[in-house]
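Peer 1: The structure file data36.txt (compact mmCIF, C-alpha atoms) is provided below.
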# COMPACT_ATOMS: atom_id res chain seq x y z
CA MET A 1 -11.18 49.13 62.62
CA ARG A 2 -13.76 51.32 60.90
CA THR A 3 -16.05 51.07 63.93
CA ALA A 4 -13.22 52.18 66.25
CA THR A 5 -12.47 55.14 63.99
CA ILE A 6 -16.10 56.23 64.03
CA VAL A 7 -16.22 55.96 67.84
CA VAL A 8 -13.06 58.07 68.20
CA PHE A 9 -14.43 60.66 65.77
CA LEU A 10 -17.75 60.89 67.61
CA LEU A 11 -15.97 61.16 70.96
CA PHE A 12 -13.75 63.96 69.62
CA THR A 13 -16.74 65.78 68.16
CA PHE A 14 -18.72 65.50 71.39
CA THR A 15 -15.76 66.60 73.54
CA THR A 16 -14.99 69.56 71.29
CA LYS A 17 -18.60 70.70 71.25
CA SER A 18 -18.85 70.26 75.01
CA TYR A 19 -15.70 72.33 75.53
CA PHE A 20 -16.83 75.22 73.39
CA PHE A 21 -20.33 75.05 74.87
CA GLY A 22 -18.73 75.32 78.34
CA VAL A 23 -16.66 78.34 77.31
CA ALA A 24 -19.68 80.03 75.75
CA THR A 25 -21.80 79.34 78.84
CA ALA A 26 -19.13 80.75 81.17
CA ALA A 27 -18.80 83.88 79.03
CA ASN A 28 -22.53 84.55 79.46
CA THR A 29 -22.51 84.04 83.23
CA PRO A 30 -22.55 87.30 85.23
CA VAL A 31 -20.09 87.94 88.04
CA LEU A 32 -21.89 88.51 91.35
CA ASP A 33 -21.03 90.84 94.23
CA SER A 34 -21.36 90.01 97.94
CA ASP A 35 -25.09 90.88 97.82
CA GLY A 36 -25.68 88.42 94.97
CA ASP A 37 -26.18 91.24 92.45
CA GLU A 38 -24.58 91.32 89.02
CA LEU A 39 -21.43 93.40 88.72
CA GLN A 40 -22.18 96.51 86.70
CA ALA A 41 -19.69 98.16 84.36
CA GLY A 42 -18.74 101.59 85.69
CA ALA A 43 -19.96 100.92 89.24
CA GLU A 44 -17.45 101.05 92.11
CA TYR A 45 -16.47 97.92 94.04
CA TYR A 46 -13.94 96.93 96.64
CA VAL A 47 -11.91 93.85 95.72
CA ILE A 48 -11.35 92.01 98.99
CA SER A 49 -9.48 88.83 99.84
CA ALA A 50 -11.86 85.90 100.28
CA ILE A 51 -9.49 84.51 102.90
CA TRP A 52 -9.54 86.58 106.08
CA GLY A 53 -6.92 86.89 108.80
CA ALA A 54 -3.62 85.94 107.21
CA GLY A 55 -5.30 86.41 103.81
CA GLY A 56 -5.15 90.20 104.11
CA GLY A 57 -7.61 92.87 103.01
CA GLY A 58 -8.57 94.72 99.84
CA LEU A 59 -6.61 95.81 96.77
CA ALA A 60 -5.12 99.27 96.49
CA LEU A 61 -2.49 101.42 94.84
CA GLY A 62 1.09 101.17 96.09
CA ARG A 63 4.61 102.27 95.21
CA THR A 64 7.94 100.53 95.03
CA THR A 65 10.95 101.90 96.89
CA ASN A 66 12.85 102.90 93.77
CA GLN A 67 9.93 104.04 91.60
CA SER A 68 7.04 106.28 92.62
CA CYS A 69 5.18 106.23 89.31
CA PRO A 70 3.45 104.41 87.79
CA GLU A 71 1.89 102.87 90.87
CA ILE A 72 1.60 99.15 91.50
CA VAL A 73 -1.32 96.91 92.54
CA VAL A 74 -0.99 95.80 96.15
CA GLN A 75 -3.12 94.11 98.76
CA ARG A 76 -3.64 95.80 102.11
CA PRO A 77 -2.35 93.62 104.99
CA PHE A 78 -5.38 93.93 107.31
CA ASP A 79 -8.69 92.21 106.55
CA ARG A 80 -10.79 95.18 107.72
CA ASP A 81 -9.05 97.49 105.27
CA TYR A 82 -11.05 97.26 102.05
CA GLY A 83 -8.48 99.19 100.02
CA ILE A 84 -9.42 101.46 97.11
CA PRO A 85 -12.52 100.96 94.91
CA VAL A 86 -12.22 99.85 91.30
CA ILE A 87 -14.48 100.02 88.29
CA PHE A 88 -14.70 97.37 85.59
CA SER A 89 -15.17 98.09 81.88
CA ASN A 90 -16.05 95.54 79.21
CA SER A 91 -14.31 95.28 75.87
CA ASP A 92 -17.88 95.01 74.55
CA THR A 93 -19.16 98.48 75.40
CA ASN A 94 -22.74 97.42 74.58
CA ASP A 95 -22.82 95.12 77.63
CA ASP A 96 -23.28 96.77 81.03
CA VAL A 97 -22.85 93.52 82.99
CA ILE A 98 -19.44 92.08 83.90
CA ARG A 99 -19.33 88.40 82.93
CA LEU A 100 -17.01 85.46 83.50
CA SER A 101 -14.16 84.79 81.07
CA THR A 102 -14.60 88.06 79.15
CA ASP A 103 -12.05 90.80 78.55
CA ILE A 104 -12.27 93.69 81.01
CA ASN A 105 -10.29 96.74 82.06
CA ILE A 106 -9.85 97.30 85.79
CA GLU A 107 -9.32 100.84 87.06
CA PHE A 108 -8.76 102.17 90.58
CA ILE A 109 -10.89 105.15 91.64
CA PRO A 110 -8.70 106.93 94.22
CA LEU A 111 -10.48 108.54 97.17
CA ARG A 112 -8.00 111.43 97.24
CA ASP A 113 -5.61 113.30 94.94
CA ARG A 114 -2.57 111.40 93.67
CA LEU A 115 1.02 112.43 93.01
CA CYS A 116 1.24 110.35 89.83
CA LEU A 117 -0.16 111.64 86.55
CA THR A 118 -0.26 108.13 85.07
CA SER A 119 -3.54 106.23 84.68
CA THR A 120 -4.84 103.89 87.38
CA VAL A 121 -5.87 101.25 84.83
CA TRP A 122 -4.31 97.86 85.55
CA LYS A 123 -1.79 96.39 83.14
CA LEU A 124 0.66 93.51 83.12
CA ASP A 125 4.18 94.88 83.33
CA ASN A 126 7.22 93.55 81.53
CA TYR A 127 9.01 90.55 83.02
CA ASP A 128 11.09 91.47 86.07
CA PRO A 129 14.28 89.36 85.96
CA SER A 130 15.34 90.49 89.45
CA THR A 131 12.30 88.82 91.04
CA GLY A 132 11.28 86.38 88.31
CA GLN A 133 7.78 87.87 88.25
CA TRP A 134 5.32 89.36 85.82
CA TRP A 135 3.87 92.10 88.08
CA VAL A 136 0.45 93.75 87.77
CA THR A 137 0.95 97.51 87.75
CA THR A 138 -0.99 100.56 86.55
CA ASP A 139 -0.73 103.07 83.67
CA GLY A 140 -2.70 100.76 81.41
CA VAL A 141 -4.93 101.88 78.53
CA LYS A 142 -8.69 101.90 78.90
CA GLY A 143 -10.78 100.67 75.95
CA ASN A 144 -9.63 100.35 72.33
CA PRO A 145 -9.28 96.53 72.42
CA GLY A 146 -6.55 95.24 70.13
CA PRO A 147 -2.82 94.49 69.90
CA ASN A 148 -1.76 97.92 71.18
CA THR A 149 -3.69 97.52 74.45
CA LEU A 150 -3.12 93.80 74.97
CA MET A 151 -1.45 94.14 78.38
CA SER A 152 -4.41 96.05 79.85
CA TRP A 153 -7.05 93.32 79.55
CA PHE A 154 -7.91 90.85 82.31
CA LYS A 155 -10.61 88.28 83.02
CA ILE A 156 -12.57 87.11 86.06
CA GLU A 157 -13.06 83.41 86.73
CA LYS A 158 -15.18 81.73 89.39
CA VAL A 159 -13.68 79.69 92.23
CA GLY A 160 -16.63 79.57 94.68
CA GLU A 161 -20.23 80.75 95.12
CA PHE A 162 -19.14 84.39 95.55
CA TRP A 163 -15.39 83.87 95.22
CA TYR A 164 -13.48 84.79 92.10
CA LYS A 165 -9.94 85.02 90.78
CA PHE A 166 -8.33 87.25 88.18
CA LYS A 167 -6.67 85.93 85.08
CA PHE A 168 -4.48 87.43 82.39
CA CYS A 169 -5.39 85.73 79.14
CA PRO A 170 -6.50 88.46 76.72
CA SER A 171 -8.55 87.55 73.66
CA VAL A 172 -8.88 91.06 72.20
CA CYS A 173 -6.34 90.18 69.50
CA LYS A 174 -6.95 86.88 67.71
CA LEU A 175 -3.58 86.83 65.93
CA CYS A 176 -1.47 87.81 68.94
CA ILE A 177 0.61 85.32 70.91
CA THR A 178 0.20 86.16 74.58
CA LEU A 179 0.65 84.85 78.10
CA CYS A 180 -2.25 83.06 79.76
CA SER A 181 -2.09 82.65 83.52
CA ASP A 182 -3.92 83.14 86.81
CA ILE A 183 -3.03 86.07 89.04
CA GLY A 184 -1.81 85.39 92.55
CA ARG A 185 0.05 87.19 95.36
CA TYR A 186 3.74 87.56 96.12
CA GLY A 187 5.66 89.45 98.78
CA ASP A 188 8.01 92.14 97.48
CA ASP A 189 9.64 95.16 99.10
CA GLY A 190 7.54 94.72 102.25
CA GLN A 191 4.28 94.67 100.28
CA ILE A 192 1.85 92.06 98.97
CA ARG A 193 1.73 92.46 95.21
CA LEU A 194 -0.26 90.85 92.40
CA ALA A 195 1.57 88.91 89.70
CA LEU A 196 1.08 86.01 87.32
CA SER A 197 0.85 82.72 89.18
CA HIS A 198 -0.04 79.05 88.75
CA HIS A 199 -2.66 79.51 91.47
CA GLY A 200 -5.08 82.45 91.47
CA TRP A 201 -5.85 84.13 94.79
CA PRO A 202 -9.60 84.24 95.65
CA PHE A 203 -11.37 87.60 96.00
CA TRP A 204 -14.92 88.85 96.40
CA PHE A 205 -16.52 92.11 95.35
CA LYS A 206 -18.35 94.54 97.65
CA LYS A 207 -20.29 97.61 96.50
CA ALA A 208 -18.25 100.66 97.43
CA ARG A 209 -21.04 103.23 97.55
CA SER A 210 -23.12 101.30 100.10
CA THR A 211 -20.03 100.86 102.28
CA ILE A 212 -19.18 104.59 102.16
CA LYS A 213 -22.80 105.44 103.02
CA GLN A 214 -22.72 103.09 106.03
CA VAL A 215 -19.52 104.73 107.33
CA VAL A 216 -20.98 108.24 106.95
CA ASN A 217 -24.18 107.25 108.76
CA ALA A 218 -22.18 105.68 111.58
CA GLN A 219 -20.24 108.93 112.05
CA HIS A 220 -23.45 110.83 112.56
Can you give me the file's structure in the form of C-alpha cells?
Peer 2:
Amino acid sequence: MRTATIVVFLLFTFTTKSYFFGVATAANTPVLDSDGDELQAGAEYYVISAIWGAGGGGLALGRTTNQSCPEIVVQRPFDRDYGIPVIFSNSDTNDDVIRLSTDINIEFIPLRDRLCLTSTVWKLDNYDPSTGQWWVTTDGVKGNPGPNTLMSWFKIEKVGEFWYKFKFCPSVCKLCITLCSDIGRYGDDGQIRLALSHHGWPFWFKKARSTIKQVVNAQH
C-alpha cells in the first residue's frame, strides 16, 4: 500500500512539474509572422484567416445595424482583403516581443478617419442574450493591467507552424474569476464576427508596412 502511495505521489509530482514547465515554455515562445520573424510590440500587422476561400480574409472594424459606436471586430469576407492593421501591446512593457500564452492588448490602426470617438482596442463585451454570444468589440482600455481592465486582455496560442488562434483567458488579475475560452467566428447581421467559442479560428500575421510598400510600388 505504501509503495502504491509513493508511486501515485511521484506521478502527481512529475505531472504537475511537467504541466507548469509546459506553460512556462509556451509563455517564452515568440509568436512568428508569415516571414518567420518574431512579432514586435507596437509594429503593425494584418490578421488574416489561415483558411482561404470560404475562410474569408483579414480582421477589421465593423458596425452593427442598431449601434454605430463602439465598433465591432469583424472578418472581411474575401480572402484577398487583408482588413485593417493591428498592433499588439504586452502587459509586460519591458518585453518588446509578443509571446504565446501571455496577456496582450490588440488595437486596430485605422487607415482613415473614423466617425467613432471610442478606442479601437479590443475588449470582450457583455453577454448578448439575444444571440447567446460573448462578442469581441472595441472601446477597450490599453495598458494598466488589473481588475479594471480585465476585459481588454487576450492571448495568442499556436495551432500550426505559422497558424495561431486568439484566446480570452486573462491572467492580469490573480484574484479575479473570469471566463477562459478560445475565440471563433459567428455570422451576425450579415457580418462575420469574433466571439468566444469552443473552437478557435486559425489566423496568421503579415507585416502591414511591407504590404503597403508593395502596393505603392506596384502603382508606380
Peer 1: Please provide the set of residues having any atom within 7 Å of region 139-142 of chain A, restricted to all atoms listed in the file, with same-chain residues fewer than 2 positions apart removed, written as a ChimeraX atom specification.
Peer 2: /A:70,105,118-123,144,149,152
Peer 1: Residues at most 12 Å from Arg114 (chain A), counting all atoms listed in the file, excluding those fewer than 3 positions away in the same chain, as a PyMOL selection string?
Peer 2: chain A and resi 61-63+68-71+108-111+117-120
Peer 1: For CA of Lys158 (chain A) and CA of Pro30 (chain A), determine how far apart the two atoms are, in Å to one decimal place.
Peer 2: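 Separation between CA of Lys158 (chain A) and CA of Pro30 (chain A): 10.1 Å.
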Peer 1: Give the answer as one residue: which of A:Val159, A:Leu175, A:Leu115, A:Ile87 has the shortest atom-to-atom distance to Tyr46 (chain A), using all atoms listed in the file?
Peer 2: A:Ile87
Peer 1: Have a look at A:Pro147, A:Ala208, A:Val74, A:Leu196 and name the one nearest to Asp125 (chain A); count only C-alpha atoms.
Peer 2: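 Closest to Asp125 (chain A) of all the choices is A:Leu196.
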Peer 1: Would you compute the distance between CA of Gly200 (chain A) and CA of Val172 (chain A)? Give it in Å to one decimal.
Peer 2: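 Spanning CA of Gly200 (chain A) to CA of Val172 (chain A) is a straight-line distance of 21.4 Å.
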Peer 1: Please return the centre and edge lengths, in Å to one decimal, of a box with edges along x, y and z that contains all listed atoms of region 147-150 of chain A, widened by 6 Å on every side, as lines of an AutoDock Vina configuration file.
Peer 2:
center_x = -2.7
center_y = 95.9
center_z = 72.4
size_x = 13.9
size_y = 16.1
size_z = 17.1
Peer 1: Would you mind listing what lies within 7 Å of Ala41 (chain A) as a list of chain:residue names, with all atoms listed in the file counted and same-chain residues fewer than 5 positions away left out?
Peer 2: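 With the cut-off at 7 Å, the set is A:Ile87, A:Phe88, A:Ser89, A:Asn90, A:Asp96, A:Val97, A:Ile98.
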Peer 1: Could you please determine the separation between CA of Ile183 (chain A) and CA of Phe166 (chain A) in Å, to one decimal place?
Peer 2: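 Going from CA of Ile183 (chain A) over to CA of Phe166 (chain A) covers 5.5 Å.
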Peer 1: Which residue out of A:Trp204, A:Cys116, A:Asp189, A:Phe154 has the minimum interatomic distance to Asn66 (chain A) when all atoms listed in the file are used?
Peer 2: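 Among the listed residues, the smallest separation from Asn66 (chain A) belongs to A:Asp189.
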Peer 1: Can you tell me which residues surround His198 (chain A) at a distance of at most 8 Å, considering only C-alpha atoms, apart from same-chain residues fewer than 6 positions away, and format the answer as a PyMOL selection string?
Peer 2: chain A and resi 181-184
Peer 1: Output C-alpha atoms for every residue in the selection just made, as a CSV table (one decimal), in the frame of the given file.
Peer 2:
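Final output, result-v9.csv:
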chain,number,residue,atom,x,y,z
A,181,SER,CA,-2.1,82.6,83.5
A,182,ASP,CA,-3.9,83.1,86.8
A,183,ILE,CA,-3.0,86.1,89.0
A,184,GLY,CA,-1.8,85.4,92.6
Peer 1: Give me the residues near Ser171 (chain A) as a list in words, where near means some atom within 9 Å (using all atoms listed in the file) and where sequence neighbours in that chain fewer than 6 positions away do not count.
Peer 2: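 In the requested form, the answer reads Thr102, Asp103, Gly146, Leu150, Trp153 and Thr178 of chain A.
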